[in-house]
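J.: The structure that follows is given in the form of C-alpha cells.
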Amino acid sequence: MEEMFHKKSEAVRRLVEAAEDAHLKHEFDADLQYEYFNAVLINERDEDGNFLELGKEFILEPNDHFNNLPVNVTLSDVQVPTNMYNKDPAIVNGVFWSESLNKVFVDNFDRDPSLIWQYFGSAKGFFRQYPGIKWEPDENGVIAFDCRNRKWYIQAATSPKDVVILVDVSGSMKGLRLTIAKQTVSSILDTLGDDDFFNIIAYNEELHYVEPCLNGTLVQADRANKEHFREHLDKLFAKGIGMLDIALIEAFNMLSDFNHTGQGSICSQAIMLITDGAVDTYDAIFEKYNWPDRKVRIFTYLIGREAAFADNLKWMACANKGFFTQISTLADVQENVMEYLHVLSRPKVIDQEHDVVWTEAYVDSTLADDQGLVLMTTVAMPVFSKQNETRSKGILLGVVGTDVPVKELLKTIPKYKLGIHGYAFAITNNGYILTHPELRPLYEEVKKRRKPNYSSVDLSEVEWEDRDDVLRNAMVNQKTGKFSMEVKKTVDKGKRVLVMTNDYYYTDIKGTPFSLGVALSRGHGKYFFRGNVTIEEGLNDLEQPDVSLADEWSYCNTDLHPEHRQMTQLKAIQNYLMGKEPLLPCDKELIQEVLFDAVVSAPIEAYWTSLALNKSENSDKGVEVAFLGTRTGLSRVNLFVGPEQLTNQDFLTAGDKENIFNADHFPLWYRRAAEQIPGSFVYSIPFSTETANKSNVVTASTAIQLLDDRKSPVVAAVGIQMKLEFFQRKFWTASRQCTSLDGRCSISCDDENINCYLIDNNGFILVSEDYTQTGNFFGEVEGAVMNKLLIMGSFKRITLYDYQAMCKTTKESSDSAHSLLDPYKAFFAAIKWIVTELVLFLVEFNLCNWWHSDLTTKAQRLKQTLEPCDTEYPAFVSERTIKETTGNIDCDDCFKSFVIQQIQNSNLFMVVVSNECDCESVLPITMEPIEIRYNESLKCERLKSHKIRRRPESCHGFHPEENARECGGVLGLSAKPALLVLPLLLAVFSR
C-alpha cells in the first residue's frame, strides 16, 4: 500500500520539476499570440462551420480506464474560469510555458497506468488537465470551477492558519456594501480547510460574535462549521458607528489566547478586516499586540468605490505583512479574496519546500459509474518560481496534483484474509474517514445526491461504540496497535443488526497523513481450510458457465498495463496459470484457494441440474434461483426459470451490491447465514428501496462449516431465492397438518378467533393472513404482543445511532442576503446594481435600497428540505435459547393470549395471537428513527469541543527574506469590463 502512495507522490514530483524548469526558461511576453485548446470551446464551430477561436479540433475517444469518457490521452487541455478573460496575457503566457507538462503527463501515465487525472492549477486561475476532456456548462449555462478554490490547491499552497474575520456593520455599510461584505466572508470561508481554525466578529460600537456561543475562541474550519456560520451571516444588519480599535484588540487577544491552548494550527495567524473605511492607522494597537515580530498578518478589504480611506487600510496591511485590496462589486469578490493566499504562500516558496499534501475523501462525479459516484483523494505539491530576481517575492506559480480513487487503496488489502465480517478503513490526521464500509456519502435512493458533510464524517460517528475514542485517537496519532470492543453492525439498509466482538489492528501509512485500520470479527477469519488441486482440474471447473468471481477483488492486478485492463479477473487468472502472462502480478495464494473451491463445489452444479430436470421437485417454479458463495469470492448461480421470468431480476447482479462480493463486504445472505447456528437456515424478505413496491421473494441461506471441535471455519454459504407466494402457500399447507388420529386439528390458522404469523429473528413478518402486512415489523401490527415478548426476554431491543442521517425539516425560504451567497445570484445582483448606479449617475439615493428590497427582505415561504442530523432508532433480535413461550396480556377489559414457537433449524418463529381482544390502548412499536435534538447549551458544547487531531508536520508561517512591500494597491475608477456591456444590459432590463 505504501508503495502505491509513493508512486503517486513521485508522479507529482516529476510534474513539479518539469513545471518549474519550463517557467524558468520562459520570458513573459505581453503581446504573445498563442492558440491553445480551451476545454470549454474545443470542437465547437460557428454558424459557418468554422472552429471557434481557441476551439480547434481536439480528438476525443472513449477510454475504459476513465469510465469510457471521451478523452485525449496524448494531450491536456485548459479550463479558464467563466469570470476570467481567455486571452489575458498572464493566462496566455502561463498556458504557453505549461504546455511542456504534456510530455510528463504522458510519461507518468506510461509509468503508472493506474493514474487517473493529472493537472496543474495555476495561480493565475487557469487549469491544465490530462487527459484532455471537454468541459460542459452546468444547468445555469456556466462553469464556476476555479482550481484555486479547491482544497488540494489551498492545502498545497499555504500552511495551516488561524483566522479571525472582522466585519464592519456600522451604519455606513447599509445596502449593497453589507451584501458585498457577506459575500467576501463567504469567499474567505471557501479558502479554509480542515487544518484551519476561524471565528467571525461583527463590530460597530460593540462586538457581535456571529456565533455568540464561540465568544473568545476559534473553531475548526470543517464543512459543517463553515455552513453554520454562513447561516448566521443573514442575521447581520448595519447600524451605529464602527469602533475598529476594540475589534482589533479582541482579535489579537483571541488569537494569542487560542494559540496558547495548543488546539489551533500553531502556524500562521491572520486578521481579515472587511470595512468601507478606517479613520486611523491604529499603529498604537499594532505596536502593543503585533510588533516587532508581526506574527499576525493583517488583510484589509475596502468595500465600495470610495478610496478616501484606502491609504489607512493599505498602511495597516503593509505594516503587518498582509495585503490590501478594494472590492467595488460582487463580481470582484472572488478574485480579490484569492490574493491573500499568495501572501501566505510566500514563506513556503522562499524556503522552496515542496510539501506533499493529501486531501480528505471527496466525490468525483466525472468518473461516476453504474454503482454511483467515485470517492477520491488528491496528492498535490506547490510549484514555485525559481528566478533569482523573484525569490524575495515568493511567487507561487500554482499547484500540481493527481487524483487517487479510494478503491485503489482497498485493492491492496486482500479481502479474503479479513473474514466474513472483516473490513479495512482509513482516516485522516483530523480523524475524518477516508474510506469505511459505513461511510454513506450519498442519500436518496432514486436520484443520488451528495450529503453536504460527507467529507468530514468522523471515525467516532461510525465506530460509535468506542465512546472514549481510544481507537480513533490512537489512529490520529499514527500509532500501531490493537483494540477490541463489542460492536453492533447494521445490515440490510439498517433494519437488522449483528452483535459481535471486533479486534481492530491499526498503523500509519508512511508518507501520508492517513492511518489504516483493519477490523476482524472474532470467530471468523482466524482459520482457513486449504487444499491442493492441479491447475488443469481447477481451471476446468473455474471456467464453467455457472461460476463467477468477485469483480472488485484483485486476484490479479490488471490496472498496471493498458493491454490488461479489458481482462476480467477470470481471464487474467487463466492467462497467468497457462503461462501467457507470466509477469502479470497475481495473488498466488488466493488463486490456489479459488481453484480448490471451484473443484470442491463443482458437484453442486450437477445436483442443481438434476433438480431442474426433475420437474416434480419444482413443478410450479416457486424456487427460482440457487446460489453458492465461498470465502475466496467464488460464486455459483443456477436459474430454475428463464432470466426474463425472475421475480427479482437484480438479485446477484452488480445492481444489488448488498448481495454480491465487493471490496467492502461479503454478500448479505452469506454474512447473516454465518451468524446462525450451524446447519440452520436464515430466511428473509429483502427490503425494497421503494416502500410502495414491497419485495415478493424470500431468500433462504445457510453456512457450510467444517464441523471440528477446535476449529470450525465457515468455508461457504449456499441458498435459494423463491417466490413469496410459493413460500407462504407452503407455510399454510404445513400449518393445517395435525398429528391427531382423525387428521383434524382442534385449532387451526383458519379459525376466525386467531391470527397466525411467521416472523424472523429480527421481528419482520414473512407470512400473515393479511398480505399487506408482509415485510412489516411485527411490533407495528401487534404492539401489545411485541411489548410482552420484550418484557419476557424472547426478544431484546438494541438501541442504534446514525450520525450520518438526513432528516426532513421545514424552513423559511426567502430571497434574503443569504441567497446572495450563491455566486450566480450575487453576479446578477451586481449587474442590477451597476444599472441602478448608472441611472442615478453614481449618486446615492433611497431608490437604491428600494431596488434591492427583494434581496434584503424575507418572503414568508415554507420549504421542506433534507438536512444532516443525528438519529436514534431501535433494532430487535430474538433470544436463541427460548424455543417456546406463551403469555397473556391484560388489556383493561379483556385478555389477549398468544403463543410463540421457534421453527427448528431456522431463524423463524410462528406466532399465534387471539384476536378477540384488540388492546387498542397499547401503542404499536415502530422502528422509525427519532432525531436527536440538542438544546442550545449542548449545541454550544458540541461546537466548542475539539477532538484530538494531528497537525500537518510542516509549517511555513514567516521567512526573514520575505518582501512585505508587495502588499496590494488601490483600484482606480476606470471602466470595469462589466461596464463595457452596459448598453447591452440596459437593453435587456428595458424589455
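A note on labels: chains of the C-alpha cells are A, B, ... as shown, every chain counts residues from 1, and ligands are counted from 1 in their shown order.
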For Leu273 of chain A, list every protein, DNA or RNA residue within 9 Å, evaluated using only C-alpha atoms, and leave out those in the same chain fewer than 6 positions away; present the list as a ChimeraX atom specification.
T.: /A:164-168,248,298-302,313
J.: Can you tell me, as JSON, numbers by chain, what residues are no more than 10 Å from segment 500-507 of chain A when counting only C-alpha atoms, ignoring any on the same chain fewer than 6 positions away?
T.: {"A": [421, 422, 423, 424, 425, 426, 471, 472, 474, 475, 476, 477, 478, 479, 480, 481, 482, 483, 484, 485, 486, 487, 488, 489, 514, 515, 516, 517, 518, 519, 520, 521, 522, 523, 675]}
J.: Keeping only C-alpha atoms, write the selected residues as a compact mmCIF listing (two decimals), in the first residue's frame.
T.:
```txt
# COMPACT_ATOMS: atom_id res chain seq x y z
CA HIS A 421 -17.37 -9.57 8.57
CA GLY A 422 -13.86 -8.11 8.37
CA TYR A 423 -13.15 -4.81 6.68
CA ALA A 424 -10.44 -2.20 6.20
CA PHE A 425 -10.75 1.53 6.78
CA ALA A 426 -8.55 4.61 6.77
CA LEU A 471 -9.29 3.62 18.65
CA ARG A 472 -9.78 7.00 16.96
CA ALA A 474 -4.55 6.11 18.58
CA MET A 475 -5.02 6.20 14.81
CA VAL A 476 -5.00 10.00 14.64
CA ASN A 477 -1.63 9.91 16.42
CA GLN A 478 -0.44 7.32 13.85
CA LYS A 479 0.29 4.65 16.43
CA THR A 480 0.49 0.93 15.74
CA GLY A 481 -1.52 -1.38 17.95
CA LYS A 482 -4.64 -3.41 18.67
CA PHE A 483 -8.00 -2.59 20.24
CA SER A 484 -11.08 -4.74 20.91
CA MET A 485 -14.74 -3.98 21.62
CA GLU A 486 -18.25 -5.31 21.17
CA VAL A 487 -19.96 -3.70 18.19
CA LYS A 488 -23.43 -3.55 16.70
CA LYS A 489 -23.24 -3.65 12.92
CA PHE A 514 -3.52 8.71 6.83
CA SER A 515 -3.80 5.79 9.23
CA LEU A 516 -5.05 2.37 8.23
CA GLY A 517 -7.22 0.10 10.33
CA VAL A 518 -8.43 -3.48 9.87
CA ALA A 519 -11.40 -4.91 11.77
CA LEU A 520 -11.58 -8.69 12.29
CA SER A 521 -14.65 -10.26 13.86
CA ARG A 522 -13.93 -12.95 16.39
CA GLY A 523 -14.92 -16.39 15.23
CA GLU A 675 -24.19 -15.90 12.37
```
J.: If we count only C-alpha atoms, what is near Asn429 of chain A at a cut-off of 6 Å, once residues fewer than 4 positions away on the same chain are taken out, given as a VMD selection string?
T.: chain A and resid 476 513 949 to 950
J.: Convert the current residue selection to file output with N, CA, C and O atoms, as a short mmCIF file (atom, residue, chain, number, x, y, z; two decimals), in the first residue's frame.
T.:
```cif
data_model
loop_
_atom_site.label_atom_id
_atom_site.label_comp_id
_atom_site.auth_asym_id
_atom_site.auth_seq_id
_atom_site.Cartn_x
_atom_site.Cartn_y
_atom_site.Cartn_z
N VAL A 476 -5.32 8.60 14.96
CA VAL A 476 -5.00 10.00 14.64
C VAL A 476 -3.53 10.27 14.94
O VAL A 476 -2.83 10.95 14.18
N PRO A 513 -0.81 11.54 5.53
CA PRO A 513 -1.40 11.86 6.83
C PRO A 513 -2.41 10.81 7.27
O PRO A 513 -3.12 11.02 8.26
N ARG A 949 -6.63 15.83 17.20
CA ARG A 949 -6.24 15.80 15.80
C ARG A 949 -4.71 15.94 15.74
O ARG A 949 -4.09 16.32 16.73
N ARG A 950 -4.14 15.61 14.61
CA ARG A 950 -2.70 15.74 14.44
C ARG A 950 -2.43 16.82 13.40
O ARG A 950 -2.94 16.77 12.28
#
```
J.: Would you list the contacts of Asn199 of chain A as a PDB file with C-alpha atoms, in the first residue's frame, taking every protein, DNA or RNA residue within 8 Å and counting only C-alpha atoms, but skipping same-chain residues closer than 5 positions in sequence?
T.:
```pdb
ATOM      1  CA  VAL A 163      -8.049  33.377  11.109  1.00  0.00           C
ATOM      2  CA  VAL A 164     -10.265  35.999  12.748  1.00  0.00           C
ATOM      3  CA  ILE A 165     -12.612  37.769  10.334  1.00  0.00           C
ATOM      4  CA  LEU A 214     -17.938  30.826  20.422  1.00  0.00           C
ATOM      5  CA  THR A 217     -12.306  31.081  20.823  1.00  0.00           C
ATOM      6  CA  LEU A 218     -11.811  29.624  17.360  1.00  0.00           C
ATOM      7  CA  VAL A 219     -13.434  26.641  15.703  1.00  0.00           C
TER       8      VAL A 219
END
```
J.: A:Ala964, A:Val357, A:Val16, A:Ile413: which is nearest Ala317 of chain A, counting only C-alpha atoms?
T.: A:Ala964
J.: Just give me the gap between atom CA of Ile42 of chain A and atom CA of Ile133 of chain A in Å, one decimal is fine.
T.: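 Straight-line distance from atom CA of Ile42 of chain A to atom CA of Ile133 of chain A works out to 9.0 Å.
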J.: Taking the backbone alone, and naming residues the way the document does, which bits of segment 37-257 of chain A are strand (DSSP E or B) by DSSP, as a PDB file with N, CA, C and O atoms, in the first residue's frame?
T.:
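Result file follows (states-v1.pdb):
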```pdb
ATOM      1  N   ASN A  38      -8.884  25.223 -25.468  1.00  0.00           N
ATOM      2  CA  ASN A  38      -9.749  25.609 -24.360  1.00  0.00           C
ATOM      3  C   ASN A  38     -10.769  24.497 -24.143  1.00  0.00           C
ATOM      4  O   ASN A  38     -11.518  24.137 -25.057  1.00  0.00           O
ATOM      5  N   ARG A  45     -18.021  24.820 -33.302  1.00  0.00           N
ATOM      6  CA  ARG A  45     -17.989  25.541 -34.574  1.00  0.00           C
ATOM      7  C   ARG A  45     -19.008  26.674 -34.576  1.00  0.00           C
ATOM      8  O   ARG A  45     -20.007  26.635 -33.850  1.00  0.00           O
ATOM      9  N   PHE A  51     -14.175  26.314 -36.914  1.00  0.00           N
ATOM     10  CA  PHE A  51     -13.896  26.143 -35.497  1.00  0.00           C
ATOM     11  C   PHE A  51     -13.800  27.512 -34.829  1.00  0.00           C
ATOM     12  O   PHE A  51     -13.257  28.469 -35.392  1.00  0.00           O
ATOM     13  N   GLU A  61     -11.606  10.214 -27.609  1.00  0.00           N
ATOM     14  CA  GLU A  61     -12.013   8.826 -27.785  1.00  0.00           C
ATOM     15  C   GLU A  61     -12.376   8.214 -26.434  1.00  0.00           C
ATOM     16  O   GLU A  61     -11.698   8.477 -25.434  1.00  0.00           O
ATOM     17  N   PRO A  62     -13.434   7.407 -26.385  1.00  0.00           N
ATOM     18  CA  PRO A  62     -13.805   6.746 -25.121  1.00  0.00           C
ATOM     19  C   PRO A  62     -12.659   5.892 -24.603  1.00  0.00           C
ATOM     20  O   PRO A  62     -11.982   5.212 -25.378  1.00  0.00           O
ATOM     21  N   ASN A  63     -12.444   5.957 -23.294  1.00  0.00           N
ATOM     22  CA  ASN A  63     -11.356   5.206 -22.686  1.00  0.00           C
ATOM     23  C   ASN A  63     -11.901   4.483 -21.463  1.00  0.00           C
ATOM     24  O   ASN A  63     -12.466   5.108 -20.551  1.00  0.00           O
ATOM     25  N   LEU A  69     -15.296   7.665 -20.712  1.00  0.00           N
ATOM     26  CA  LEU A  69     -15.454   9.068 -21.089  1.00  0.00           C
ATOM     27  C   LEU A  69     -14.595   9.359 -22.320  1.00  0.00           C
ATOM     28  O   LEU A  69     -13.496   8.802 -22.459  1.00  0.00           O
ATOM     29  N   PRO A  70     -15.039  10.249 -23.213  1.00  0.00           N
ATOM     30  CA  PRO A  70     -14.210  10.638 -24.361  1.00  0.00           C
ATOM     31  C   PRO A  70     -13.050  11.522 -23.887  1.00  0.00           C
ATOM     32  O   PRO A  70     -13.271  12.620 -23.374  1.00  0.00           O
ATOM     33  N   VAL A  71     -11.823  11.031 -24.013  1.00  0.00           N
ATOM     34  CA  VAL A  71     -10.645  11.768 -23.560  1.00  0.00           C
ATOM     35  C   VAL A  71      -9.562  11.702 -24.627  1.00  0.00           C
ATOM     36  O   VAL A  71      -9.640  10.923 -25.576  1.00  0.00           O
ATOM     37  N   ASN A  72      -8.542  12.521 -24.439  1.00  0.00           N
ATOM     38  CA  ASN A  72      -7.370  12.512 -25.304  1.00  0.00           C
ATOM     39  C   ASN A  72      -6.161  12.191 -24.435  1.00  0.00           C
ATOM     40  O   ASN A  72      -5.736  13.023 -23.626  1.00  0.00           O
ATOM     41  N   ASP A  77      -5.778  19.726 -21.980  1.00  0.00           N
ATOM     42  CA  ASP A  77      -6.391  20.974 -22.411  1.00  0.00           C
ATOM     43  C   ASP A  77      -6.592  21.873 -21.206  1.00  0.00           C
ATOM     44  O   ASP A  77      -6.272  21.502 -20.066  1.00  0.00           O
ATOM     45  N   VAL A  78      -7.099  23.072 -21.433  1.00  0.00           N
ATOM     46  CA  VAL A  78      -7.078  24.122 -20.411  1.00  0.00           C
ATOM     47  C   VAL A  78      -8.481  24.669 -20.163  1.00  0.00           C
ATOM     48  O   VAL A  78      -9.218  24.985 -21.111  1.00  0.00           O
ATOM     49  N   GLN A  79      -8.843  24.756 -18.904  1.00  0.00           N
ATOM     50  CA  GLN A  79     -10.100  25.393 -18.498  1.00  0.00           C
ATOM     51  C   GLN A  79      -9.787  26.729 -17.840  1.00  0.00           C
ATOM     52  O   GLN A  79      -8.861  26.837 -17.025  1.00  0.00           O
ATOM     53  N   GLN A 118      -4.412  13.958 -13.993  1.00  0.00           N
ATOM     54  CA  GLN A 118      -3.247  14.729 -13.584  1.00  0.00           C
ATOM     55  C   GLN A 118      -3.512  16.170 -14.000  1.00  0.00           C
ATOM     56  O   GLN A 118      -4.140  16.415 -15.040  1.00  0.00           O
ATOM     57  N   TYR A 119      -3.027  17.123 -13.207  1.00  0.00           N
ATOM     58  CA  TYR A 119      -3.353  18.509 -13.554  1.00  0.00           C
ATOM     59  C   TYR A 119      -2.397  19.512 -12.923  1.00  0.00           C
ATOM     60  O   TYR A 119      -1.652  19.208 -11.984  1.00  0.00           O
ATOM     61  N   PHE A 120      -2.460  20.714 -13.489  1.00  0.00           N
ATOM     62  CA  PHE A 120      -1.729  21.870 -12.973  1.00  0.00           C
ATOM     63  C   PHE A 120      -2.732  23.004 -12.803  1.00  0.00           C
ATOM     64  O   PHE A 120      -3.365  23.445 -13.758  1.00  0.00           O
ATOM     65  N   GLY A 121      -2.891  23.454 -11.559  1.00  0.00           N
ATOM     66  CA  GLY A 121      -3.746  24.599 -11.269  1.00  0.00           C
ATOM     67  C   GLY A 121      -2.883  25.836 -11.114  1.00  0.00           C
ATOM     68  O   GLY A 121      -2.045  25.910 -10.210  1.00  0.00           O
ATOM     69  N   SER A 122      -3.062  26.794 -11.997  1.00  0.00           N
ATOM     70  CA  SER A 122      -2.218  27.990 -11.994  1.00  0.00           C
ATOM     71  C   SER A 122      -2.706  29.025 -10.995  1.00  0.00           C
ATOM     72  O   SER A 122      -3.908  29.177 -10.768  1.00  0.00           O
ATOM     73  N   PHE A 127      -6.568  26.116 -15.485  1.00  0.00           N
ATOM     74  CA  PHE A 127      -6.456  24.742 -15.006  1.00  0.00           C
ATOM     75  C   PHE A 127      -6.116  23.837 -16.189  1.00  0.00           C
ATOM     76  O   PHE A 127      -6.898  23.711 -17.126  1.00  0.00           O
ATOM     77  N   ARG A 128      -4.909  23.254 -16.175  1.00  0.00           N
ATOM     78  CA  ARG A 128      -4.495  22.342 -17.240  1.00  0.00           C
ATOM     79  C   ARG A 128      -4.729  20.913 -16.767  1.00  0.00           C
ATOM     80  O   ARG A 128      -4.198  20.501 -15.732  1.00  0.00           O
ATOM     81  N   GLN A 129      -5.509  20.151 -17.552  1.00  0.00           N
ATOM     82  CA  GLN A 129      -5.918  18.813 -17.135  1.00  0.00           C
ATOM     83  C   GLN A 129      -5.526  17.764 -18.171  1.00  0.00           C
ATOM     84  O   GLN A 129      -5.657  17.973 -19.371  1.00  0.00           O
ATOM     85  N   TYR A 130      -5.011  16.639 -17.667  1.00  0.00           N
ATOM     86  CA  TYR A 130      -4.685  15.496 -18.513  1.00  0.00           C
ATOM     87  C   TYR A 130      -5.360  14.250 -17.934  1.00  0.00           C
ATOM     88  O   TYR A 130      -5.335  14.040 -16.721  1.00  0.00           O
ATOM     89  N   GLY A 132      -6.915  15.241 -21.773  1.00  0.00           N
ATOM     90  CA  GLY A 132      -7.811  16.310 -22.180  1.00  0.00           C
ATOM     91  C   GLY A 132      -9.236  15.815 -22.279  1.00  0.00           C
ATOM     92  O   GLY A 132      -9.498  14.692 -22.720  1.00  0.00           O
ATOM     93  N   LYS A 161      -3.598  27.675   9.244  1.00  0.00           N
ATOM     94  CA  LYS A 161      -3.737  29.054   9.729  1.00  0.00           C
ATOM     95  C   LYS A 161      -4.907  29.193  10.694  1.00  0.00           C
ATOM     96  O   LYS A 161      -5.899  28.465  10.623  1.00  0.00           O
ATOM     97  N   ASP A 162      -4.749  30.156  11.607  1.00  0.00           N
ATOM     98  CA  ASP A 162      -5.829  30.608  12.479  1.00  0.00           C
ATOM     99  C   ASP A 162      -6.262  31.978  11.968  1.00  0.00           C
ATOM    100  O   ASP A 162      -5.428  32.869  11.789  1.00  0.00           O
ATOM    101  N   VAL A 163      -7.553  32.152  11.743  1.00  0.00           N
ATOM    102  CA  VAL A 163      -8.049  33.377  11.109  1.00  0.00           C
ATOM    103  C   VAL A 163      -9.196  33.954  11.916  1.00  0.00           C
ATOM    104  O   VAL A 163     -10.129  33.238  12.294  1.00  0.00           O
ATOM    105  N   VAL A 164      -9.130  35.268  12.179  1.00  0.00           N
ATOM    106  CA  VAL A 164     -10.265  35.999  12.748  1.00  0.00           C
ATOM    107  C   VAL A 164     -10.755  36.986  11.690  1.00  0.00           C
ATOM    108  O   VAL A 164      -9.980  37.794  11.176  1.00  0.00           O
ATOM    109  N   ILE A 165     -12.018  36.893  11.343  1.00  0.00           N
ATOM    110  CA  ILE A 165     -12.612  37.769  10.334  1.00  0.00           C
ATOM    111  C   ILE A 165     -13.408  38.858  11.041  1.00  0.00           C
ATOM    112  O   ILE A 165     -14.324  38.559  11.816  1.00  0.00           O
ATOM    113  N   LEU A 166     -13.042  40.114  10.798  1.00  0.00           N
ATOM    114  CA  LEU A 166     -13.737  41.263  11.376  1.00  0.00           C
ATOM    115  C   LEU A 166     -14.592  41.909  10.297  1.00  0.00           C
ATOM    116  O   LEU A 166     -14.089  42.285   9.232  1.00  0.00           O
ATOM    117  N   VAL A 167     -15.891  42.060  10.564  1.00  0.00           N
ATOM    118  CA  VAL A 167     -16.817  42.624   9.591  1.00  0.00           C
ATOM    119  C   VAL A 167     -17.423  43.903  10.156  1.00  0.00           C
ATOM    120  O   VAL A 167     -18.035  43.898  11.233  1.00  0.00           O
ATOM    121  N   ASP A 168     -17.249  44.968   9.433  1.00  0.00           N
ATOM    122  CA  ASP A 168     -17.813  46.265   9.808  1.00  0.00           C
ATOM    123  C   ASP A 168     -19.319  46.249   9.548  1.00  0.00           C
ATOM    124  O   ASP A 168     -19.772  46.020   8.428  1.00  0.00           O
ATOM    125  N   PHE A 197      -8.428  27.113  11.483  1.00  0.00           N
ATOM    126  CA  PHE A 197      -9.386  27.489  12.531  1.00  0.00           C
ATOM    127  C   PHE A 197      -9.792  28.941  12.313  1.00  0.00           C
ATOM    128  O   PHE A 197      -9.001  29.745  11.798  1.00  0.00           O
ATOM    129  N   PHE A 198     -11.025  29.280  12.723  1.00  0.00           N
ATOM    130  CA  PHE A 198     -11.509  30.629  12.436  1.00  0.00           C
ATOM    131  C   PHE A 198     -12.596  31.058  13.408  1.00  0.00           C
ATOM    132  O   PHE A 198     -13.158  30.253  14.149  1.00  0.00           O
ATOM    133  N   ASN A 199     -12.894  32.351  13.372  1.00  0.00           N
ATOM    134  CA  ASN A 199     -14.085  32.914  14.006  1.00  0.00           C
ATOM    135  C   ASN A 199     -14.427  34.200  13.271  1.00  0.00           C
ATOM    136  O   ASN A 199     -13.589  34.765  12.566  1.00  0.00           O
ATOM    137  N   ILE A 200     -15.660  34.652  13.409  1.00  0.00           N
ATOM    138  CA  ILE A 200     -16.129  35.864  12.734  1.00  0.00           C
ATOM    139  C   ILE A 200     -16.736  36.795  13.772  1.00  0.00           C
ATOM    140  O   ILE A 200     -17.615  36.383  14.549  1.00  0.00           O
ATOM    141  N   ILE A 201     -16.264  38.038  13.774  1.00  0.00           N
ATOM    142  CA  ILE A 201     -16.788  39.062  14.693  1.00  0.00           C
ATOM    143  C   ILE A 201     -17.298  40.236  13.872  1.00  0.00           C
ATOM    144  O   ILE A 201     -16.566  40.780  13.032  1.00  0.00           O
ATOM    145  N   ALA A 202     -18.543  40.621  14.094  1.00  0.00           N
ATOM    146  CA  ALA A 202     -19.081  41.854  13.511  1.00  0.00           C
ATOM    147  C   ALA A 202     -18.923  42.958  14.549  1.00  0.00           C
ATOM    148  O   ALA A 202     -19.043  42.710  15.755  1.00  0.00           O
ATOM    149  N   TYR A 203     -18.639  44.181  14.107  1.00  0.00           N
ATOM    150  CA  TYR A 203     -18.427  45.266  15.060  1.00  0.00           C
ATOM    151  C   TYR A 203     -19.080  46.561  14.580  1.00  0.00           C
ATOM    152  O   TYR A 203     -19.152  46.854  13.401  1.00  0.00           O
ATOM    153  N   LEU A 207     -19.013  44.681  20.019  1.00  0.00           N
ATOM    154  CA  LEU A 207     -18.609  43.466  19.310  1.00  0.00           C
ATOM    155  C   LEU A 207     -19.780  42.492  19.259  1.00  0.00           C
ATOM    156  O   LEU A 207     -20.490  42.307  20.253  1.00  0.00           O
ATOM    157  N   HIS A 208     -19.977  41.884  18.112  1.00  0.00           N
ATOM    158  CA  HIS A 208     -21.062  40.915  17.949  1.00  0.00           C
ATOM    159  C   HIS A 208     -20.475  39.648  17.333  1.00  0.00           C
ATOM    160  O   HIS A 208     -20.182  39.619  16.136  1.00  0.00           O
ATOM    161  N   TYR A 209     -20.278  38.626  18.156  1.00  0.00           N
ATOM    162  CA  TYR A 209     -19.822  37.346  17.608  1.00  0.00           C
ATOM    163  C   TYR A 209     -20.944  36.769  16.746  1.00  0.00           C
ATOM    164  O   TYR A 209     -22.097  36.676  17.191  1.00  0.00           O
ATOM    165  N   VAL A 219     -12.847  27.936  15.986  1.00  0.00           N
ATOM    166  CA  VAL A 219     -13.434  26.641  15.703  1.00  0.00           C
ATOM    167  C   VAL A 219     -12.807  26.082  14.429  1.00  0.00           C
ATOM    168  O   VAL A 219     -12.357  26.850  13.559  1.00  0.00           O
ATOM    169  N   GLN A 220     -12.759  24.760  14.311  1.00  0.00           N
ATOM    170  CA  GLN A 220     -12.164  24.133  13.139  1.00  0.00           C
ATOM    171  C   GLN A 220     -12.989  24.459  11.895  1.00  0.00           C
ATOM    172  O   GLN A 220     -14.219  24.474  11.917  1.00  0.00           O
TER     173      GLN A 220
END
```
J.: Please compute the atom CA of Phe627 of chain A-atom CA of Leu498 of chain A distance, one decimal, in Å.
T.: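 Straight-line distance from atom CA of Phe627 of chain A to atom CA of Leu498 of chain A works out to 22.8 Å.
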J.: Just the residues within 9 Å of Leu189 of chain A, please, counting only C-alpha atoms, with nothing from its chain fewer than 5 positions along; format it as a list in words.
T.: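 In the requested format, the answer is Thr184, Phe198, Ala221, Lys226 and Arg230 of chain A.
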J.: Write the residues of the selection above to a file with all heavy atoms, as a compact mmCIF listing (two decimals), in the first residue's frame.
T.:
```
# COMPACT_ATOMS: atom_id res chain seq x y z
N THR A 184 -17.91 38.45 0.72
CA THR A 184 -16.47 38.37 0.96
C THR A 184 -16.15 37.39 2.08
O THR A 184 -15.23 36.58 1.97
CB THR A 184 -15.91 39.77 1.30
OG1 THR A 184 -16.21 40.68 0.24
CG2 THR A 184 -14.41 39.72 1.51
N PHE A 198 -11.02 29.28 12.72
CA PHE A 198 -11.51 30.63 12.44
C PHE A 198 -12.60 31.06 13.41
O PHE A 198 -13.16 30.25 14.15
CB PHE A 198 -12.06 30.70 11.01
CG PHE A 198 -13.44 30.07 10.87
CD1 PHE A 198 -14.58 30.85 10.81
CD2 PHE A 198 -13.58 28.68 10.81
CE1 PHE A 198 -15.84 30.27 10.69
CE2 PHE A 198 -14.83 28.10 10.69
CZ PHE A 198 -15.96 28.90 10.62
N ALA A 221 -12.29 24.70 10.78
CA ALA A 221 -12.97 25.12 9.55
C ALA A 221 -13.41 23.92 8.72
O ALA A 221 -13.08 23.81 7.53
CB ALA A 221 -12.05 26.02 8.74
N LYS A 226 -18.40 25.76 8.85
CA LYS A 226 -18.46 26.89 7.92
C LYS A 226 -19.90 27.16 7.48
O LYS A 226 -20.32 28.32 7.39
CB LYS A 226 -17.57 26.61 6.70
CG LYS A 226 -16.08 26.65 7.03
CD LYS A 226 -15.21 26.63 5.80
CE LYS A 226 -15.24 25.30 5.09
NZ LYS A 226 -14.27 25.25 3.97
N ARG A 230 -22.22 30.53 7.94
CA ARG A 230 -22.86 31.15 6.78
C ARG A 230 -24.33 31.44 7.07
O ARG A 230 -24.86 32.48 6.68
CB ARG A 230 -22.74 30.25 5.56
CG ARG A 230 -21.39 30.34 4.85
CD ARG A 230 -21.47 29.68 3.47
NE ARG A 230 -20.24 29.87 2.73
CZ ARG A 230 -19.28 28.97 2.63
NH1 ARG A 230 -19.40 27.80 3.26
NH2 ARG A 230 -18.19 29.20 1.94
```
J.: With only C-alpha atoms as the atoms that count, which of A:Phe681, A:Phe324, A:Phe96, A:Tyr757 lies nearest to Phe909 of chain A?
T.: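 Checking each of A:Phe681, A:Phe324, A:Phe96, A:Tyr757 against Phe909 of chain A, counting only C-alpha atoms, the winner is A:Tyr757.
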